[in-house]
file entry-v1.pdb (PDB, C-alpha atoms)
ATOM      1  CA  MET C   1      -7.681  -6.312 -32.119  1.00  0.00           C
ATOM      2  CA  TYR C   2      -7.687 -10.071 -32.558  1.00  0.00           C
ATOM      3  CA  THR C   3      -6.117 -13.284 -31.314  1.00  0.00           C
ATOM      4  CA  GLY C   4      -5.789 -16.496 -33.304  1.00  0.00           C
ATOM      5  CA  ASP C   5      -3.391 -18.388 -35.519  1.00  0.00           C
ATOM      6  CA  ARG C   6      -5.219 -18.115 -38.869  1.00  0.00           C
ATOM      7  CA  VAL C   7      -7.236 -15.411 -40.603  1.00  0.00           C
ATOM      8  CA  ASN C   8     -10.348 -17.592 -40.656  1.00  0.00           C
ATOM      9  CA  ARG C   9      -9.940 -18.377 -36.936  1.00  0.00           C
ATOM     10  CA  LEU C  10      -9.431 -14.909 -35.483  1.00  0.00           C
ATOM     11  CA  THR C  11     -11.262 -13.939 -32.309  1.00  0.00           C
ATOM     12  CA  ARG C  12     -12.061 -10.281 -31.672  1.00  0.00           C
ATOM     13  CA  VAL C  13     -10.832  -9.162 -28.243  1.00  0.00           C
ATOM     14  CA  ALA C  14     -11.437  -5.411 -28.529  1.00  0.00           C
ATOM     15  CA  ASP C  15     -13.111  -2.852 -30.772  1.00  0.00           C
ATOM     16  CA  PHE C  16     -11.453   0.317 -31.972  1.00  0.00           C
ATOM     17  CA  GLY C  17     -12.886   3.592 -30.728  1.00  0.00           C
ATOM     18  CA  PHE C  18     -11.915   6.907 -32.237  1.00  0.00           C
ATOM     19  CA  CYS C  19      -8.355   6.181 -33.397  1.00  0.00           C
ATOM     20  CA  GLY C  20      -7.554   3.895 -30.503  1.00  0.00           C
ATOM     21  CA  VAL C  21      -8.183   0.622 -28.759  1.00  0.00           C
ATOM     22  CA  GLN C  22      -7.763  -0.474 -25.192  1.00  0.00           C
ATOM     23  CA  PHE C  23      -7.829  -4.026 -23.853  1.00  0.00           C
ATOM     24  CA  SER C  24      -6.382  -6.176 -21.082  1.00  0.00           C
ATOM     25  CA  ALA C  25      -3.386  -7.941 -22.613  1.00  0.00           C
ATOM     26  CA  GLN C  26      -2.460 -11.364 -21.282  1.00  0.00           C
ATOM     27  CA  PRO C  27       1.138 -12.629 -21.037  1.00  0.00           C
ATOM     28  CA  GLY C  28       2.186 -15.009 -23.803  1.00  0.00           C
ATOM     29  CA  VAL C  29      -0.713 -14.117 -26.121  1.00  0.00           C
ATOM     30  CA  THR C  30      -0.069 -12.776 -29.621  1.00  0.00           C
ATOM     31  CA  TYR C  31      -2.418  -9.992 -30.705  1.00  0.00           C
ATOM     32  CA  HIS C  32      -3.142  -8.982 -34.298  1.00  0.00           C
ATOM     33  CA  VAL C  33      -4.051  -5.438 -35.314  1.00  0.00           C
ATOM     34  CA  VAL C  34      -6.065  -4.717 -38.435  1.00  0.00           C
ATOM     35  CA  ALA C  35      -5.583  -1.259 -39.941  1.00  0.00           C
ATOM     36  CA  ASP C  36      -8.137  -0.030 -42.462  1.00  0.00           C
ATOM     37  CA  ASP C  37      -7.596   3.218 -44.372  1.00  0.00           C
ATOM     38  CA  GLN C  38     -11.323   3.260 -45.291  1.00  0.00           C
ATOM     39  CA  GLY C  39     -10.481   4.266 -48.846  1.00  0.00           C
ATOM     40  CA  HIS C  40      -7.954   6.985 -47.949  1.00  0.00           C
ATOM     41  CA  TRP C  41      -4.435   5.890 -48.799  1.00  0.00           C
ATOM     42  CA  GLY C  42      -1.818   7.230 -46.490  1.00  0.00           C
ATOM     43  CA  LYS C  43       0.583   6.608 -43.683  1.00  0.00           C
ATOM     44  CA  PHE C  44      -0.319   6.023 -40.090  1.00  0.00           C
ATOM     45  CA  ARG C  45       1.533   5.624 -36.833  1.00  0.00           C
ATOM     46  CA  MET C  46       0.768   2.973 -34.265  1.00  0.00           C
ATOM     47  CA  THR C  47       1.886   3.250 -30.659  1.00  0.00           C
ATOM     48  CA  ALA C  48       1.366   0.774 -27.845  1.00  0.00           C
ATOM     49  CA  ILE C  49       1.699   1.716 -24.197  1.00  0.00           C
ATOM     50  CA  ALA C  50       1.001  -0.081 -20.942  1.00  0.00           C
ATOM     51  CA  VAL C  51      -1.611   1.622 -18.769  1.00  0.00           C
ATOM     52  CA  THR C  52      -2.975   1.057 -15.285  1.00  0.00           C
ATOM     53  CA  PRO C  53      -6.759   0.832 -15.029  1.00  0.00           C
ATOM     54  CA  PRO C  54      -8.664   2.477 -12.160  1.00  0.00           C
ATOM     55  CA  PRO C  55      -8.859   0.370  -8.979  1.00  0.00           C
ATOM     56  CA  ASN C  56     -12.635  -0.097  -9.458  1.00  0.00           C
ATOM     57  CA  ASP C  57     -12.355  -1.248 -13.083  1.00  0.00           C
ATOM     58  CA  ASP C  58     -13.866  -4.671 -12.319  1.00  0.00           C
ATOM     59  CA  PHE C  59     -17.153  -5.504 -10.603  1.00  0.00           C
ATOM     60  CA  ALA C  60     -15.397  -7.419  -7.807  1.00  0.00           C
ATOM     61  CA  ASP C  61     -13.267  -4.360  -6.991  1.00  0.00           C
ATOM     62  CA  ALA C  62     -16.105  -1.815  -6.762  1.00  0.00           C
ATOM     63  CA  THR C  63     -15.356   1.343  -4.751  1.00  0.00           C
ATOM     64  CA  ALA C  64     -17.515   1.625  -1.620  1.00  0.00           C
ATOM     65  CA  ILE C  65     -19.783   4.659  -1.456  1.00  0.00           C
ATOM     66  CA  THR C  66     -22.052   5.509   1.471  1.00  0.00           C
ATOM     67  CA  LEU C  67     -25.196   7.591   1.596  1.00  0.00           C
ATOM     68  CA  GLY C  68     -24.291  11.242   1.998  1.00  0.00           C
ATOM     69  CA  SER C  69     -20.819  10.847   0.533  1.00  0.00           C
ATOM     70  CA  THR C  70     -19.117  11.912  -2.680  1.00  0.00           C
ATOM     71  CA  VAL C  71     -16.293   9.982  -4.319  1.00  0.00           C
ATOM     72  CA  SER C  72     -13.921  11.175  -7.020  1.00  0.00           C
ATOM     73  CA  ALA C  73     -13.519   8.721  -9.850  1.00  0.00           C
ATOM     74  CA  THR C  74     -12.209   8.266 -13.373  1.00  0.00           C
ATOM     75  CA  THR C  75     -12.912   6.122 -16.386  1.00  0.00           C
ATOM     76  CA  LEU C  76      -9.422   6.818 -17.767  1.00  0.00           C
ATOM     77  CA  TYR C  77      -7.887   3.478 -18.822  1.00  0.00           C
ATOM     78  CA  ALA C  78     -10.933   1.553 -17.631  1.00  0.00           C
ATOM     79  CA  SER C  79     -12.005  -1.546 -19.521  1.00  0.00           C
ATOM     80  CA  ARG C  80     -15.023  -3.817 -19.876  1.00  0.00           C
ATOM     81  CA  GLU C  81     -14.815  -7.173 -18.253  1.00  0.00           C
ATOM     82  CA  PRO C  82     -16.311 -10.269 -19.889  1.00  0.00           C
ATOM     83  CA  GLY C  83     -19.893 -10.882 -18.798  1.00  0.00           C
ATOM     84  CA  GLU C  84     -20.841  -7.267 -18.046  1.00  0.00           C
ATOM     85  CA  PRO C  85     -24.437  -6.307 -18.841  1.00  0.00           C
ATOM     86  CA  PRO C  86     -24.973  -4.365 -22.076  1.00  0.00           C
ATOM     87  CA  THR C  87     -24.006  -0.715 -21.967  1.00  0.00           C
ATOM     88  CA  LEU C  88     -26.402   2.167 -22.636  1.00  0.00           C
ATOM     89  CA  TYR C  89     -24.741   3.307 -25.843  1.00  0.00           C
ATOM     90  CA  ARG C  90     -23.041   1.197 -28.511  1.00  0.00           C
ATOM     91  CA  PRO C  91     -23.269  -2.090 -26.611  1.00  0.00           C
ATOM     92  CA  GLY C  92     -19.938  -3.688 -25.854  1.00  0.00           C
ATOM     93  CA  ARG C  93     -17.767  -0.652 -26.432  1.00  0.00           C
ATOM     94  CA  PRO C  94     -17.706   1.837 -23.555  1.00  0.00           C
ATOM     95  CA  HIS C  95     -15.406   1.225 -20.637  1.00  0.00           C
ATOM     96  CA  THR C  96     -16.858   1.021 -17.143  1.00  0.00           C
ATOM     97  CA  VAL C  97     -16.047   1.469 -13.451  1.00  0.00           C
ATOM     98  CA  TRP C  98     -17.992   0.138 -10.468  1.00  0.00           C
ATOM     99  CA  PHE C  99     -19.217   1.386  -7.078  1.00  0.00           C
ATOM    100  CA  ARG C 100     -20.921  -0.464  -4.202  1.00  0.00           C
ATOM    101  CA  LEU C 101     -23.644   1.046  -1.982  1.00  0.00           C
ATOM    102  CA  ILE C 102     -25.155  -0.709   1.054  1.00  0.00           C
ATOM    103  CA  VAL C 103     -28.633   0.437   2.095  1.00  0.00           C
ATOM    104  CA  ASP C 104     -29.754  -0.520   5.620  1.00  0.00           C
ATOM    105  CA  ALA C 105     -33.390   0.619   5.479  1.00  0.00           C
ATOM    106  CA  THR C 106     -35.904   1.312   2.722  1.00  0.00           C
ATOM    107  CA  THR C 107     -35.222   4.793   1.379  1.00  0.00           C
ATOM    108  CA  GLY C 108     -35.257   6.911  -1.716  1.00  0.00           C
ATOM    109  CA  ILE C 109     -31.783   7.341  -3.175  1.00  0.00           C
ATOM    110  CA  GLN C 110     -30.496  10.130  -5.375  1.00  0.00           C
ATOM    111  CA  VAL C 111     -27.375   9.467  -7.425  1.00  0.00           C
ATOM    112  CA  ASP C 112     -25.602  12.443  -8.954  1.00  0.00           C
ATOM    113  CA  ALA C 113     -22.719  12.523 -11.412  1.00  0.00           C
ATOM    114  CA  SER C 114     -20.968  15.862 -11.309  1.00  0.00           C
ATOM    115  CA  ARG C 115     -18.187  17.397 -13.300  1.00  0.00           C
ATOM    116  CA  THR C 116     -14.624  17.912 -12.178  1.00  0.00           C
ATOM    117  CA  SER C 117     -13.833  19.990 -15.255  1.00  0.00           C
ATOM    118  CA  GLU C 118     -15.746  21.859 -17.920  1.00  0.00           C
ATOM    119  CA  TYR C 119     -16.185  18.804 -20.133  1.00  0.00           C
ATOM    120  CA  SER C 120     -15.948  15.889 -17.712  1.00  0.00           C
ATOM    121  CA  CYS C 121     -19.620  14.911 -17.901  1.00  0.00           C
ATOM    122  CA  SER C 122     -19.434  14.653 -21.670  1.00  0.00           C
ATOM    123  CA  LEU C 123     -17.051  11.800 -20.910  1.00  0.00           C
ATOM    124  CA  LEU C 124     -19.850   9.732 -19.310  1.00  0.00           C
ATOM    125  CA  ASN C 125     -22.577   7.911 -21.226  1.00  0.00           C
ATOM    126  CA  GLY C 126     -24.500   7.172 -18.075  1.00  0.00           C
ATOM    127  CA  ILE C 127     -24.853   5.392 -14.778  1.00  0.00           C
ATOM    128  CA  GLN C 128     -26.729   2.178 -14.099  1.00  0.00           C
ATOM    129  CA  VAL C 129     -27.791   0.714 -10.737  1.00  0.00           C
ATOM    130  CA  TYR C 130     -28.025  -3.042 -10.205  1.00  0.00           C
ATOM    131  CA  THR C 131     -28.757  -5.612  -7.519  1.00  0.00           C
ATOM    132  CA  GLY C 132     -27.066  -9.009  -7.475  1.00  0.00           C
ATOM    133  CA  GLU C 133     -23.965 -10.467  -5.880  1.00  0.00           C
ATOM    134  CA  GLN C 134     -22.276 -11.817  -9.012  1.00  0.00           C
ATOM    135  CA  LEU C 135     -21.670 -10.151 -12.361  1.00  0.00           C
ATOM    136  CA  ASN C 136     -23.771 -12.752 -14.172  1.00  0.00           C
ATOM    137  CA  GLU C 137     -26.693 -12.282 -11.704  1.00  0.00           C
ATOM    138  CA  LEU C 138     -27.177  -8.510 -12.003  1.00  0.00           C
ATOM    139  CA  GLN C 139     -30.666  -7.063 -12.283  1.00  0.00           C
ATOM    140  CA  GLU C 140     -31.005  -3.428 -13.368  1.00  0.00           C
ATOM    141  CA  VAL C 141     -32.841  -1.186 -10.887  1.00  0.00           C
ATOM    142  CA  SER C 142     -32.389   2.243 -12.466  1.00  0.00           C
ATOM    143  CA  GLN C 143     -30.284   4.199 -14.942  1.00  0.00           C
ATOM    144  CA  ARG C 144     -29.417   7.694 -16.120  1.00  0.00           C
ATOM    145  CA  PHE C 145     -28.406   8.189 -19.742  1.00  0.00           C
ATOM    146  CA  ILE C 146     -26.277  11.315 -20.087  1.00  0.00           C
ATOM    147  CA  SER C 147     -27.012  12.325 -23.643  1.00  0.00           C
ATOM    148  CA  ALA C 148     -26.085  16.003 -23.841  1.00  0.00           C
ATOM    149  CA  VAL C 149     -22.483  17.054 -24.162  1.00  0.00           C
ATOM    150  CA  GLY C 150     -21.409  18.541 -20.854  1.00  0.00           C
ATOM    151  CA  ALA C 151     -24.631  17.493 -19.130  1.00  0.00           C
ATOM    152  CA  CYS C 152     -24.460  15.812 -15.777  1.00  0.00           C
ATOM    153  CA  GLY C 153     -27.379  15.089 -13.630  1.00  0.00           C
ATOM    154  CA  ALA C 154     -29.103  13.262 -10.873  1.00  0.00           C
ATOM    155  CA  PHE C 155     -31.668  10.508 -10.848  1.00  0.00           C
ATOM    156  CA  GLN C 156     -33.612   8.820  -8.077  1.00  0.00           C
ATOM    157  CA  PHE C 157     -34.784   5.321  -7.273  1.00  0.00           C
ATOM    158  CA  ASP C 158     -36.490   3.595  -4.356  1.00  0.00           C
ATOM    159  CA  ALA C 159     -34.216   1.172  -2.558  1.00  0.00           C
ATOM    160  CA  PRO C 160     -35.243  -1.528  -0.124  1.00  0.00           C
ATOM    161  CA  PRO C 161     -32.432  -2.709   2.184  1.00  0.00           C
ATOM    162  CA  GLY C 162     -29.665  -4.409   0.251  1.00  0.00           C
ATOM    163  CA  VAL C 163     -26.450  -4.071  -1.719  1.00  0.00           C
ATOM    164  CA  TYR C 164     -26.466  -1.999  -4.892  1.00  0.00           C
ATOM    165  CA  SER C 165     -23.839  -1.927  -7.616  1.00  0.00           C
ATOM    166  CA  LEU C 166     -23.489   1.311  -9.568  1.00  0.00           C
ATOM    167  CA  ARG C 167     -21.720   1.284 -12.927  1.00  0.00           C
ATOM    168  CA  ALA C 168     -20.418   4.450 -14.585  1.00  0.00           C
ATOM    169  CA  GLU C 169     -19.988   4.092 -18.328  1.00  0.00           C
ATOM    170  CA  ALA C 170     -17.359   6.050 -20.246  1.00  0.00           C
ATOM    171  CA  SER C 171     -18.369   7.924 -23.362  1.00  0.00           C
ATOM    172  CA  VAL C 172     -17.260   6.782 -26.781  1.00  0.00           C
ATOM    173  CA  PHE C 173     -15.820  10.311 -27.101  1.00  0.00           C
ATOM    174  CA  GLY C 174     -13.257   9.783 -24.357  1.00  0.00           C
ATOM    175  CA  GLU C 175     -12.582   8.980 -20.755  1.00  0.00           C
ATOM    176  CA  GLY C 176     -12.037  11.176 -17.738  1.00  0.00           C
ATOM    177  CA  ASP C 177     -12.704  12.273 -14.186  1.00  0.00           C
ATOM    178  CA  PHE C 178     -16.033  12.810 -12.447  1.00  0.00           C
ATOM    179  CA  GLN C 179     -17.565  12.803  -8.975  1.00  0.00           C
ATOM    180  CA  LEU C 180     -20.334  10.470  -7.837  1.00  0.00           C
ATOM    181  CA  THR C 181     -22.650  11.299  -4.940  1.00  0.00           C
ATOM    182  CA  ALA C 182     -25.300   9.093  -3.333  1.00  0.00           C
ATOM    183  CA  ARG C 183     -27.746  10.591  -0.822  1.00  0.00           C
ATOM    184  CA  ALA C 184     -30.998   9.631   0.862  1.00  0.00           C
ATOM    185  CA  VAL C 185     -34.058  11.600  -0.258  1.00  0.00           C
ATOM    186  CA  PRO C 186     -37.563  11.699   1.262  1.00  0.00           C
TER     187      PRO C 186
END
call {"tool": "encode", "arguments": {"input": "entry-v1.pdb", "output": "structure tokens"}}
result
Amino acid sequence: MYTGDRVNRLTRVADFGFCGVQFSAQPGVTYHVVADDQGHWGKFRMTAIAVTPPPNDDFADATAITLGSTVSATTLYASREPGEPPTLYRPGRPHTVWFRLIVDATTGIQVDASRTSEYSCSLLNGIQVYTGEQLNELQEVSQRFISAVGACGAFQFDAPPGVYSLRAEASVFGEGDFQLTARAVP
């Protein structure tokens, strides 16, 4: 997916995943689609639909989560906003959603991604934890790469008092629902 007025001046605005692309379209902008048959001649069908991203799609709109709570979430129709830190897998591609956790006293924290369906965890690449108040100031504290299909899991990190941003990264294999839990651990 590109913008621009000449072939030699095109700017990439989104990468294709498996037979699809998702991006935040802006009013009045013309977008150009490049279709490549990769050596296999044939017909194809292209469909465009408007979608609504999750409410916590952008860093500034992170969903609040408190210690001892579980939130239901989705990466369905999520996007990546400009300036996000690199993702765990295939940098620049996976879509992300954000959560915000405030810690009042130094504690160990356990973060757990759990499934809402048989395959929902295969729809997450991982979860990263950051400190920093602005997207361009984030410092990674911890991460969990979810590498096995269907595998979820927990990870722990030590947290001094402060505000933590948690980012869930959609898999390149699809998007979907999951639950996120944060709890204090000794």
call {"tool": "atom_distance", "arguments": {"input": "entry-v1.pdb", "atom1": "atom CA of Tyr164 of chain C", "atom2": "atom CA of Val103 of chain C"}}
result
7.7 Å
call {"tool": "atom_distance", "arguments": {"input": "entry-v1.pdb", "atom1": "atom CA of His32 of chain C", "atom2": "atom CA of Val51 of chain C"}}
result
18.9 Å
call {"tool": "closest_residue", "arguments": {"input": "entry-v1.pdb", "among": "C:Glu169, C:Thr30, C:Arg100, C:Gln22", "to": "Arg6 of chain C", "atoms": "all atoms listed in the file"}}
result
C:Thr30
call {"tool": "atom_distance", "arguments": {"input": "entry-v1.pdb", "atom1": "atom CA of Glu175 of chain C", "atom2": "atom CA of Gln110 of chain C"}}
result
23.6 Å
call {"tool": "resolve_selection", "arguments": {"input": "entry-v1.pdb", "expression": "the PyMOL selection byres ((chain C and resi 186) around 12)", "output": "PyMOL selection string"}}
result
chain C and resi 106-110+156-159+183-185
call {"tool": "closest_residue", "arguments": {"input": "entry-v1.pdb", "among": "C:Ala14, C:Val34, C:Val97, C:Val21", "to": "Pro53 of chain C", "atoms": "all atoms listed in the file"}}
result
C:Val97
call {"tool": "residues_near_point", "arguments": {"input": "entry-v1.pdb", "point": "(-36.0, -4.3, -10.2)", "cutoff": "12 Å", "atoms": "all atoms listed in the file", "output": "PDB file with C-alpha atoms, in the coordinates of the input"}}
result
ATOM      1  CA  GLN C 128     -26.729   2.178 -14.099  1.00  0.00           C
ATOM      2  CA  VAL C 129     -27.791   0.714 -10.737  1.00  0.00           C
ATOM      3  CA  TYR C 130     -28.025  -3.042 -10.205  1.00  0.00           C
ATOM      4  CA  THR C 131     -28.757  -5.612  -7.519  1.00  0.00           C
ATOM      5  CA  GLY C 132     -27.066  -9.009  -7.475  1.00  0.00           C
ATOM      6  CA  LEU C 138     -27.177  -8.510 -12.003  1.00  0.00           C
ATOM      7  CA  GLN C 139     -30.666  -7.063 -12.283  1.00  0.00           C
ATOM      8  CA  GLU C 140     -31.005  -3.428 -13.368  1.00  0.00           C
ATOM      9  CA  VAL C 141     -32.841  -1.186 -10.887  1.00  0.00           C
ATOM     10  CA  SER C 142     -32.389   2.243 -12.466  1.00  0.00           C
ATOM     11  CA  GLN C 143     -30.284   4.199 -14.942  1.00  0.00           C
ATOM     12  CA  PHE C 157     -34.784   5.321  -7.273  1.00  0.00           C
ATOM     13  CA  ASP C 158     -36.490   3.595  -4.356  1.00  0.00           C
ATOM     14  CA  ALA C 159     -34.216   1.172  -2.558  1.00  0.00           C
ATOM     15  CA  PRO C 160     -35.243  -1.528  -0.124  1.00  0.00           C
ATOM     16  CA  TYR C 164     -26.466  -1.999  -4.892  1.00  0.00           C
TER      17      TYR C 164
END
call {"tool": "resolve_selection", "arguments": {"input": "entry-v1.pdb", "expression": "the PyMOL selection byres ((chain C and resi 95) around 7)", "output": "MDAnalysis selection string"}}
result
chainID C and resid 75 78:80 93:94 96 169:170
call {"tool": "residues_around", "arguments": {"input": "entry-v1.pdb", "residues": "Pro82 of chain C", "least_positions_apart": "2", "cutoff": "10 Å", "atoms": "all atoms listed in the file", "output": "PyMOL selection string"}}
result
chain C and resi 58+79-80+84-85+92+135-136
call {"tool": "residues_around", "arguments": {"input": "entry-v1.pdb", "residues": "Ala182 of chain C", "least_positions_apart": "4", "cutoff": "7 Å", "atoms": "all atoms listed in the file", "output": "PDB file with C-alpha atoms, keeping the file's coordinate frame"}}
result
ATOM      1  CA  THR C  66     -22.052   5.509   1.471  1.00  0.00           C
ATOM      2  CA  LEU C  67     -25.196   7.591   1.596  1.00  0.00           C
ATOM      3  CA  GLY C  68     -24.291  11.242   1.998  1.00  0.00           C
ATOM      4  CA  SER C  69     -20.819  10.847   0.533  1.00  0.00           C
ATOM      5  CA  THR C  70     -19.117  11.912  -2.680  1.00  0.00           C
ATOM      6  CA  ILE C 109     -31.783   7.341  -3.175  1.00  0.00           C
ATOM      7  CA  GLN C 110     -30.496  10.130  -5.375  1.00  0.00           C
ATOM      8  CA  VAL C 111     -27.375   9.467  -7.425  1.00  0.00           C
ATOM      9  CA  ASP C 112     -25.602  12.443  -8.954  1.00  0.00           C
TER      10      ASP C 112
END
call {"tool": "residues_around", "arguments": {"input": "entry-v1.pdb", "residues": "Val71 of chain C", "least_positions_apart": "3", "cutoff": "7 Å", "atoms": "only C-alpha atoms", "output": "compact mmCIF listing (two decimals) with C-alpha atoms, in the frame of the given file"}}
result
# COMPACT_ATOMS: atom_id res chain seq x y z
CA ILE C 65 -19.78 4.66 -1.46
CA GLN C 179 -17.57 12.80 -8.98
CA LEU C 180 -20.33 10.47 -7.84
CA THR C 181 -22.65 11.30 -4.94
call {"tool": "resolve_selection", "arguments": {"input": "entry-v1.pdb", "expression": "the PyMOL selection byres ((chain C and resi 98) around 8)", "output": "NGL selection string"}}
result
:C and (56-59 or 61-63 or 96-97 or 99-100 or 165-168)
